[in-house]
Every structure is written in structure tokens, then in C-alpha cells.
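Participant: Following this line is coords31.cif, made up of mmCIF, C-alpha atoms:
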```cif
data_input
loop_
_atom_site.label_atom_id
_atom_site.label_comp_id
_atom_site.auth_asym_id
_atom_site.auth_seq_id
_atom_site.Cartn_x
_atom_site.Cartn_y
_atom_site.Cartn_z
CA MET A 84 0.00 0.00 0.00
CA THR A 85 1.34 3.43 -0.92
CA GLU A 86 1.82 6.15 1.69
CA THR A 87 -1.07 8.12 0.21
CA ALA A 88 -3.34 5.09 0.38
CA GLN A 89 -2.35 4.50 4.00
CA VAL A 90 -3.24 8.09 4.91
CA ASN A 91 -6.59 7.84 3.12
CA SER A 92 -7.29 4.51 4.81
CA GLY A 93 -6.55 6.02 8.21
CA ALA A 94 -8.74 9.03 7.53
CA ALA A 95 -11.62 6.80 6.46
CA SER A 96 -11.47 4.65 9.58
CA GLY A 97 -10.64 7.41 12.04
CA ARG A 98 -7.71 5.46 13.48
CA GLY A 99 -4.36 7.16 13.68
CA VAL A 100 -5.84 10.49 12.64
CA ARG A 101 -5.67 13.30 15.17
CA LEU A 102 -8.85 15.31 14.89
CA PRO A 103 -9.76 18.54 16.68
CA ARG A 104 -11.83 17.78 19.77
CA ASN A 105 -15.10 19.06 18.32
CA ALA A 106 -14.60 17.10 15.10
CA ARG A 107 -13.79 13.93 17.03
CA ARG A 108 -16.85 14.42 19.23
CA ALA A 109 -19.06 14.83 16.17
CA GLN A 110 -17.56 11.70 14.63
CA LEU A 111 -18.24 9.69 17.78
CA LEU A 112 -21.83 10.92 18.01
CA THR A 113 -22.46 9.95 14.39
CA ALA A 114 -21.21 6.44 15.12
CA ALA A 115 -23.22 6.28 18.33
CA GLN A 116 -26.39 7.33 16.53
CA ASP A 117 -26.05 4.45 14.08
CA VAL A 118 -25.58 1.95 16.90
CA PHE A 119 -28.36 3.33 19.12
CA VAL A 120 -30.87 3.52 16.27
CA ASN A 121 -30.08 0.02 15.03
CA ASN A 122 -29.76 -1.71 18.40
CA GLY A 123 -31.61 0.45 20.94
CA TYR A 124 -29.94 1.85 24.02
CA HIS A 125 -29.85 -1.27 26.13
CA ALA A 126 -28.40 -3.53 23.44
CA ALA A 127 -25.85 -0.97 22.27
CA ALA A 128 -22.31 -1.51 23.52
CA MET A 129 -19.48 0.99 23.82
CA ASP A 130 -17.30 -1.56 22.00
CA ASP A 131 -19.68 -1.41 19.05
CA ILE A 132 -19.62 2.39 19.02
CA ALA A 133 -15.83 2.53 19.20
CA GLU A 134 -15.56 0.04 16.37
CA ARG A 135 -18.09 1.94 14.25
CA ALA A 136 -16.16 5.18 14.84
CA GLY A 137 -12.81 3.52 14.15
CA VAL A 138 -11.31 4.54 17.50
CA SER A 139 -10.12 2.77 20.62
CA LYS A 140 -12.32 2.59 23.71
CA PRO A 141 -9.94 4.87 25.68
CA VAL A 142 -10.48 7.57 23.03
CA LEU A 143 -14.23 7.08 23.30
CA TYR A 144 -14.17 7.40 27.09
CA GLN A 145 -12.06 10.55 26.88
CA HIS A 146 -15.03 12.28 25.29
CA PHE A 147 -17.93 10.42 26.91
CA PRO A 148 -17.35 8.82 30.34
CA SER A 149 -20.44 6.62 29.98
CA LYS A 150 -22.91 5.29 27.45
CA LEU A 151 -25.67 7.34 29.08
CA GLU A 152 -23.74 10.60 28.69
CA MET A 153 -23.19 9.81 25.02
CA TYR A 154 -26.87 9.01 24.53
CA LEU A 155 -27.93 12.22 26.27
CA ALA A 156 -25.54 14.32 24.18
CA LEU A 157 -27.01 12.84 21.03
CA LEU A 158 -30.58 13.21 22.27
CA GLU A 159 -30.09 16.86 23.27
CA THR A 160 -28.61 17.60 19.84
CA HIS A 161 -31.71 16.31 18.09
CA VAL A 162 -34.10 18.02 20.51
CA ASP A 163 -32.31 21.33 19.91
CA GLU A 164 -32.60 20.81 16.16
CA LEU A 165 -36.34 20.12 16.33
CA VAL A 166 -36.99 23.18 18.51
CA ARG A 167 -34.88 25.30 16.15
CA ARG A 168 -36.91 24.16 13.16
CA VAL A 169 -40.24 24.96 14.83
CA ARG A 170 -39.02 28.33 16.11
CA ASN A 171 -37.72 29.35 12.68
CA ALA A 172 -40.94 28.23 10.99
CA VAL A 173 -43.12 30.30 13.33
CA ALA A 174 -40.82 33.33 13.08
CA SER A 175 -40.59 33.20 9.30
CA THR A 176 -43.99 34.83 8.68
CA SER A 177 -46.72 36.89 10.34
CA ASP A 178 -49.44 34.99 8.45
CA ASN A 179 -50.96 32.64 11.00
CA LYS A 180 -52.15 30.13 8.42
CA LEU A 181 -48.60 29.88 7.11
CA ARG A 182 -47.30 29.63 10.68
CA VAL A 183 -49.47 26.57 11.25
CA ARG A 184 -48.23 25.03 8.01
CA GLY A 185 -44.66 25.88 8.95
CA ALA A 186 -44.95 24.27 12.38
CA VAL A 187 -46.46 21.10 10.92
CA GLY A 188 -43.84 21.09 8.18
CA ALA A 189 -41.04 21.40 10.72
CA TYR A 190 -41.97 18.03 12.19
CA PHE A 191 -42.17 16.35 8.79
CA ASP A 192 -38.84 17.88 7.76
CA PHE A 193 -37.28 16.72 11.01
CA VAL A 194 -38.33 13.08 10.72
CA GLU A 195 -37.30 13.01 7.06
CA SER A 196 -33.92 14.74 7.35
CA GLU A 197 -32.89 13.04 10.58
CA GLY A 198 -33.78 9.60 9.23
CA ALA A 199 -34.35 6.94 11.86
CA ALA A 200 -32.71 9.18 14.49
CA TYR A 201 -36.13 10.75 15.18
CA ARG A 202 -36.79 7.59 17.17
CA LEU A 203 -34.27 8.79 19.76
CA VAL A 204 -36.57 11.73 20.48
CA PHE A 205 -40.01 10.20 20.00
CA GLU A 206 -39.47 6.51 20.71
CA SER A 207 -36.63 6.31 23.21
CA ASP A 208 -36.38 2.97 25.01
CA LEU A 209 -34.82 4.72 27.99
CA ARG A 210 -37.69 6.88 29.22
CA GLY A 211 -37.38 5.41 32.69
CA GLU A 212 -34.18 7.42 33.06
CA PRO A 213 -35.12 10.88 34.45
CA SER A 214 -32.51 12.77 32.44
CA VAL A 215 -33.70 11.14 29.21
CA LEU A 216 -37.35 11.78 30.07
CA ASP A 217 -36.55 15.45 30.74
CA ALA A 218 -34.88 15.79 27.32
CA VAL A 219 -37.73 14.05 25.51
CA GLU A 220 -40.35 16.17 27.27
CA ARG A 221 -38.40 19.32 26.40
CA ALA A 222 -38.94 18.50 22.74
CA THR A 223 -42.68 18.86 23.31
CA SER A 224 -42.71 21.65 25.88
CA SER A 225 -40.24 23.95 24.09
CA CYS A 226 -42.01 23.64 20.74
CA ALA A 227 -45.36 24.22 22.44
CA GLU A 228 -44.04 27.33 24.19
CA VAL A 229 -43.00 28.83 20.86
CA ILE A 230 -46.44 28.23 19.37
CA ALA A 231 -48.38 29.19 22.50
CA GLU A 232 -46.75 32.61 22.63
CA VAL A 233 -48.03 33.43 19.15
CA VAL A 234 -51.49 32.00 19.86
CA ALA A 235 -51.81 34.09 23.02
CA GLU A 236 -50.67 37.28 21.29
CA ASP A 237 -53.04 36.88 18.35
CA THR A 238 -56.17 35.56 20.05
CA GLY A 239 -56.02 37.16 23.47
CA LEU A 240 -56.43 33.75 25.12
CA ASP A 241 -54.80 33.35 28.50
CA ALA A 242 -51.49 31.49 28.70
CA GLU A 243 -53.02 28.25 29.94
CA ARG A 244 -55.52 27.97 27.09
CA ALA A 245 -53.01 29.07 24.48
CA HIS A 246 -50.61 26.42 25.75
CA LEU A 247 -53.29 23.73 25.49
CA LEU A 248 -53.94 24.64 21.86
CA ALA A 249 -50.21 24.62 21.19
CA ILE A 250 -49.85 21.17 22.73
CA ALA A 251 -52.65 19.96 20.45
CA LEU A 252 -50.85 21.25 17.35
CA VAL A 253 -47.54 19.76 18.49
CA GLY A 254 -49.23 16.44 19.22
CA VAL A 255 -50.94 16.10 15.85
CA SER A 256 -47.78 17.21 14.03
CA GLN A 257 -45.56 14.76 15.87
CA VAL A 258 -47.84 11.74 15.58
CA THR A 259 -48.71 12.24 11.93
CA ALA A 260 -45.10 12.94 10.93
CA ARG A 261 -43.96 9.74 12.64
CA PHE A 262 -46.78 7.77 11.01
CA TRP A 263 -45.96 9.21 7.60
CA MET A 264 -42.30 8.28 8.02
CA THR A 265 -43.05 4.67 8.97
CA ALA A 266 -45.87 4.13 6.45
CA GLU A 267 -43.47 3.98 3.50
CA GLN A 268 -44.28 7.60 2.65
CA SER A 269 -46.97 6.63 0.14
CA ILE A 270 -48.34 10.17 0.34
CA PRO A 271 -45.89 12.86 -0.87
CA LYS A 272 -44.54 14.93 2.00
CA GLU A 273 -45.91 18.26 0.80
CA GLU A 274 -49.36 16.77 0.35
CA ALA A 275 -49.24 15.25 3.83
CA ILE A 276 -48.18 18.59 5.32
CA ALA A 277 -50.99 20.37 3.46
CA LEU A 278 -53.60 17.89 4.71
CA ILE A 279 -52.57 18.12 8.36
CA SER A 280 -52.10 21.89 8.17
CA GLN A 281 -55.60 22.29 6.77
CA LEU A 282 -57.03 20.21 9.60
CA ALA A 283 -55.12 22.18 12.24
CA TRP A 284 -55.89 25.57 10.71
CA ARG A 285 -59.64 24.91 10.60
CA GLY A 286 -59.46 24.49 14.35
CA ILE A 287 -57.04 27.22 15.38
CA GLY A 288 -58.26 29.61 12.69
CA GLY A 289 -61.69 29.58 14.31
CA PHE A 290 -60.41 31.74 17.16
CA PRO A 291 -60.81 35.44 16.26
CA LEU A 292 -57.76 37.64 16.15
CA GLN A 293 -57.43 39.97 19.12
CA GLY A 294 -58.83 43.41 18.34
CA HIS A 295 -60.98 42.19 15.42
#
```
Spit out the file's structure as C-alpha cells when you get a sec.
Facilitator:
Amino acid sequence: MTETAQVNSGAASGRGVRLPRNARRAQLLTAAQDVFVNNGYHAAAMDDIAERAGVSKPVLYQHFPSKLEMYLALLETHVDELVRRVRNAVASTSDNKLRVRGAVGAYFDFVESEGAAYRLVFESDLRGEPSVLDAVERATSSCAEVIAEVVAEDTGLDAERAHLLAIALVGVSQVTARFWMTAEQSIPKEEAIALISQLAWRGIGGFPLQGH
């Protein structure tokens, strides 16, 4: 094997290549995601993750002292991404009908772009662990807070009622997006988003705007 081929081989496997800490961490999380999604948390082994990443176990433990810490880091990353998508969708327009469509679309985009990793957020097999439960619940509560703020401002509903409506929109978006993803996507994504958005808007749109 030539020297160039050896370097390329090392870069591909991750062994013998000194990466910046953030890059190495990202590499390890990518490997961990594959193992967790394919095997579930309980069946996943740190040996499997190290092998998938092409690093030794000591390198793995330098970044993540335990399997749980690695799982939580990965989970928090995906929760942050989902909340970011919903927040950006709601902030992208002042048209409430388009806001509803954007919020619904954010969930469909998330389950599609993140692949099977959405299961870490919506179908975690580790919900008995308080730290994992907190992260999973934050995915719902943070998205609902973003939507509830707009509902309260535009309808004049009190915070409690606005939050209930927001939870309803989050719930229908989450469940239908997950169903669409696992049902072989026989309905095109944009059509699915339009259908669910229409359903949600006919409900939320029935509340008069404040001051009208």
C-alpha cells in the first residue's frame, strides 16, 4: 500500500488520525447514533460504538465517560434541532395560516432529514431514566411554548388555554409525521403537510384575532 493510500485509509477509519476535539466528538456521536438507532440503548455496547467510529475505547471514554452521557448528548442535539426548526418556521412569517403550516412542516422535515434518528426523540427505550425523560419532554414543551406565545398574542387567550392549543398542534404534528415516516411515505410529504395543516388551521383559525 502506498503512503497516500495509508493516509486515506486512516482518515476513512478514524484510526491514527488526530482530529480537533469538536470534530472527534461529532464523529463519535455519528457512530453512536447508528448503533443506538439500530440496536436500541440497552443492546448498544461501547465496544460497538468505538468500532463503528474507528477509535479505541480509551479515546471514546475521553469524550464520553459513559454510554448514558453519550446518549444524552445525542438526544439533546436532536431536541435542539427540532426546537430550532419549529421556532424558525413560526418566526418566518406573520401569516398565522402559514405559521401553522410551517410548524407542521417542521416536524415532517425533522423526521425526514434526521432519518431513523427521530426515534431517539419520539421513541426512546430509555424513558425510565429521568434525564432522558426530561430531554424528551423538552422536545414537546419547548415547541409548544414557541407556538403558545403566538397563539396568546393573536387571540387574546390566557397562557393556559393558548398552551393547550399549542400542545394539540404539536401532538398532531408529531404523531402524523412519525406515522408518515413509517408508512413507506406513500403520500408525498408536501401533500401530507398540506392535509394536516388544513385540519389544524380549521381548528385554530376559528379563534378570532385579538382586536378584530
Participant: Enumerate, as number ranges by chain, the residues matched when the PyMOL selection byres ((chain A and resi 153) around 12) is run on the file above.
Facilitator: A: 108-116, 118-119, 124, 127-129, 132-133, 143-152, 154-160, 215
Participant: I'd like the neighbourhood of Arg221 of chain A as an mmCIF file with C-alpha atoms, keeping the file's coordinate frame, where a residue qualifies if any of its atoms comes within 10 Å (using all atoms listed in the file), though same-chain residues fewer than 4 positions away should be ignored.
Facilitator:
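File produced: selection_21.cif:
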```
data_model
loop_
_atom_site.group_PDB
_atom_site.id
_atom_site.type_symbol
_atom_site.label_atom_id
_atom_site.label_comp_id
_atom_site.auth_asym_id
_atom_site.auth_seq_id
_atom_site.Cartn_x
_atom_site.Cartn_y
_atom_site.Cartn_z
ATOM 1 C CA GLU A 159 -30.090 16.860 23.270
ATOM 2 C CA VAL A 162 -34.100 18.020 20.510
ATOM 3 C CA ASP A 163 -32.310 21.330 19.910
ATOM 4 C CA VAL A 166 -36.990 23.180 18.510
ATOM 5 C CA VAL A 204 -36.570 11.730 20.480
ATOM 6 C CA VAL A 215 -33.700 11.140 29.210
ATOM 7 C CA LEU A 216 -37.350 11.780 30.070
ATOM 8 C CA ASP A 217 -36.550 15.450 30.740
ATOM 9 C CA SER A 225 -40.240 23.950 24.090
ATOM 10 C CA CYS A 226 -42.010 23.640 20.740
ATOM 11 C CA ALA A 227 -45.360 24.220 22.440
#
```
Participant: Please evaluate the PyMOL selection byres ((chain A and resi 281) around 12) against the structure above and give the resulting residues as a PDB file with C-alpha atoms, in the coordinates of the input.
Facilitator:
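Saved the output as part14.pdb:
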```pdb
ATOM      1  CA  LYS A 180     -52.150  30.130   8.420  1.00  0.00           C
ATOM      2  CA  LEU A 181     -48.600  29.880   7.110  1.00  0.00           C
ATOM      3  CA  ARG A 182     -47.300  29.630  10.680  1.00  0.00           C
ATOM      4  CA  VAL A 183     -49.470  26.570  11.250  1.00  0.00           C
ATOM      5  CA  ARG A 184     -48.230  25.030   8.010  1.00  0.00           C
ATOM      6  CA  GLY A 185     -44.660  25.880   8.950  1.00  0.00           C
ATOM      7  CA  VAL A 187     -46.460  21.100  10.920  1.00  0.00           C
ATOM      8  CA  GLY A 188     -43.840  21.090   8.180  1.00  0.00           C
ATOM      9  CA  LEU A 252     -50.850  21.250  17.350  1.00  0.00           C
ATOM     10  CA  VAL A 255     -50.940  16.100  15.850  1.00  0.00           C
ATOM     11  CA  SER A 256     -47.780  17.210  14.030  1.00  0.00           C
ATOM     12  CA  GLU A 274     -49.360  16.770   0.350  1.00  0.00           C
ATOM     13  CA  ALA A 275     -49.240  15.250   3.830  1.00  0.00           C
ATOM     14  CA  ILE A 276     -48.180  18.590   5.320  1.00  0.00           C
ATOM     15  CA  ALA A 277     -50.990  20.370   3.460  1.00  0.00           C
ATOM     16  CA  LEU A 278     -53.600  17.890   4.710  1.00  0.00           C
ATOM     17  CA  ILE A 279     -52.570  18.120   8.360  1.00  0.00           C
ATOM     18  CA  SER A 280     -52.100  21.890   8.170  1.00  0.00           C
ATOM     19  CA  LEU A 282     -57.030  20.210   9.600  1.00  0.00           C
ATOM     20  CA  ALA A 283     -55.120  22.180  12.240  1.00  0.00           C
ATOM     21  CA  TRP A 284     -55.890  25.570  10.710  1.00  0.00           C
ATOM     22  CA  ARG A 285     -59.640  24.910  10.600  1.00  0.00           C
ATOM     23  CA  GLY A 286     -59.460  24.490  14.350  1.00  0.00           C
ATOM     24  CA  ILE A 287     -57.040  27.220  15.380  1.00  0.00           C
ATOM     25  CA  GLY A 288     -58.260  29.610  12.690  1.00  0.00           C
TER      26      GLY A 288
END
```
Participant: Which distance in Å separates atom CA of Arg202 of chain A and atom CA of Ser224 of chain A, to one decimal?
Facilitator: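 Taking atom CA of Arg202 of chain A as the start and atom CA of Ser224 of chain A as the end point, the length is 17.6 Å.
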Participant: What's the separation between atom CA of Thr176 of chain A and atom CA of Ala245 of chain A, in Å to one decimal place?
Facilitator: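 About the pair atom CA of Thr176 of chain A and atom CA of Ala245 of chain A: they are 19.1 Å apart.
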Participant: Hey, could you patch up segment 268-284 of chain A with N, CA, C and O atoms and hand it over as a PDB file, keeping the file's coordinate frame?
Facilitator:
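Final output, saved to selection28.pdb:
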```
ATOM      1  N   GLN A 268     -44.157   6.307   3.303  1.00  0.00           N
ATOM      2  CA  GLN A 268     -44.280   7.600   2.650  1.00  0.00           C
ATOM      3  C   GLN A 268     -45.066   7.507   1.337  1.00  0.00           C
ATOM      4  O   GLN A 268     -44.681   8.079   0.328  1.00  0.00           O
ATOM      5  N   SER A 269     -46.177   6.780   1.347  1.00  0.00           N
ATOM      6  CA  SER A 269     -46.970   6.630   0.140  1.00  0.00           C
ATOM      7  C   SER A 269     -47.614   7.937  -0.298  1.00  0.00           C
ATOM      8  O   SER A 269     -47.919   8.132  -1.477  1.00  0.00           O
ATOM      9  N   ILE A 270     -47.825   8.836   0.646  1.00  0.00           N
ATOM     10  CA  ILE A 270     -48.340  10.170   0.340  1.00  0.00           C
ATOM     11  C   ILE A 270     -47.149  11.122   0.272  1.00  0.00           C
ATOM     12  O   ILE A 270     -46.335  11.156   1.200  1.00  0.00           O
ATOM     13  N   PRO A 271     -47.009  11.908  -0.793  1.00  0.00           N
ATOM     14  CA  PRO A 271     -45.890  12.860  -0.870  1.00  0.00           C
ATOM     15  C   PRO A 271     -45.875  13.779   0.345  1.00  0.00           C
ATOM     16  O   PRO A 271     -46.924  14.150   0.875  1.00  0.00           O
ATOM     17  N   LYS A 272     -44.673  14.148   0.774  1.00  0.00           N
ATOM     18  CA  LYS A 272     -44.540  14.930   2.000  1.00  0.00           C
ATOM     19  C   LYS A 272     -45.336  16.233   1.946  1.00  0.00           C
ATOM     20  O   LYS A 272     -46.047  16.572   2.898  1.00  0.00           O
ATOM     21  N   GLU A 273     -45.225  16.974   0.872  1.00  0.00           N
ATOM     22  CA  GLU A 273     -45.910  18.260   0.800  1.00  0.00           C
ATOM     23  C   GLU A 273     -47.419  18.109   0.858  1.00  0.00           C
ATOM     24  O   GLU A 273     -48.120  18.939   1.442  1.00  0.00           O
ATOM     25  N   GLU A 274     -47.919  17.026   0.273  1.00  0.00           N
ATOM     26  CA  GLU A 274     -49.360  16.770   0.350  1.00  0.00           C
ATOM     27  C   GLU A 274     -49.770  16.418   1.770  1.00  0.00           C
ATOM     28  O   GLU A 274     -50.819  16.873   2.264  1.00  0.00           O
ATOM     29  N   ALA A 275     -48.952  15.619   2.437  1.00  0.00           N
ATOM     30  CA  ALA A 275     -49.240  15.250   3.830  1.00  0.00           C
ATOM     31  C   ALA A 275     -49.234  16.486   4.720  1.00  0.00           C
ATOM     32  O   ALA A 275     -50.118  16.658   5.577  1.00  0.00           O
ATOM     33  N   ILE A 276     -48.252  17.362   4.531  1.00  0.00           N
ATOM     34  CA  ILE A 276     -48.180  18.590   5.320  1.00  0.00           C
ATOM     35  C   ILE A 276     -49.418  19.451   5.065  1.00  0.00           C
ATOM     36  O   ILE A 276     -50.015  20.008   5.997  1.00  0.00           O
ATOM     37  N   ALA A 277     -49.825  19.557   3.802  1.00  0.00           N
ATOM     38  CA  ALA A 277     -50.990  20.370   3.460  1.00  0.00           C
ATOM     39  C   ALA A 277     -52.265  19.822   4.112  1.00  0.00           C
ATOM     40  O   ALA A 277     -53.099  20.583   4.622  1.00  0.00           O
ATOM     41  N   LEU A 278     -52.414  18.507   4.110  1.00  0.00           N
ATOM     42  CA  LEU A 278     -53.600  17.890   4.710  1.00  0.00           C
ATOM     43  C   LEU A 278     -53.673  18.169   6.212  1.00  0.00           C
ATOM     44  O   LEU A 278     -54.720  18.588   6.734  1.00  0.00           O
ATOM     45  N   ILE A 279     -52.570  17.940   6.907  1.00  0.00           N
ATOM     46  CA  ILE A 279     -52.570  18.120   8.360  1.00  0.00           C
ATOM     47  C   ILE A 279     -52.660  19.603   8.712  1.00  0.00           C
ATOM     48  O   ILE A 279     -53.321  19.988   9.690  1.00  0.00           O
ATOM     49  N   SER A 280     -52.029  20.446   7.923  1.00  0.00           N
ATOM     50  CA  SER A 280     -52.100  21.890   8.170  1.00  0.00           C
ATOM     51  C   SER A 280     -53.523  22.400   8.005  1.00  0.00           C
ATOM     52  O   SER A 280     -53.995  23.242   8.786  1.00  0.00           O
ATOM     53  N   GLN A 281     -54.211  21.891   6.993  1.00  0.00           N
ATOM     54  CA  GLN A 281     -55.600  22.290   6.770  1.00  0.00           C
ATOM     55  C   GLN A 281     -56.481  21.893   7.948  1.00  0.00           C
ATOM     56  O   GLN A 281     -57.323  22.676   8.408  1.00  0.00           O
ATOM     57  N   LEU A 282     -56.277  20.679   8.424  1.00  0.00           N
ATOM     58  CA  LEU A 282     -57.030  20.210   9.600  1.00  0.00           C
ATOM     59  C   LEU A 282     -56.762  21.100  10.807  1.00  0.00           C
ATOM     60  O   LEU A 282     -57.706  21.539  11.493  1.00  0.00           O
ATOM     61  N   ALA A 283     -55.484  21.375  11.074  1.00  0.00           N
ATOM     62  CA  ALA A 283     -55.120  22.180  12.240  1.00  0.00           C
ATOM     63  C   ALA A 283     -55.620  23.613  12.098  1.00  0.00           C
ATOM     64  O   ALA A 283     -56.120  24.211  13.062  1.00  0.00           O
ATOM     65  N   TRP A 284     -55.497  24.183  10.900  1.00  0.00           N
ATOM     66  CA  TRP A 284     -55.890  25.570  10.710  1.00  0.00           C
ATOM     67  C   TRP A 284     -57.398  25.763  10.856  1.00  0.00           C
ATOM     68  O   TRP A 284     -57.855  26.772  11.385  1.00  0.00           O
TER      69      TRP A 284
END
```
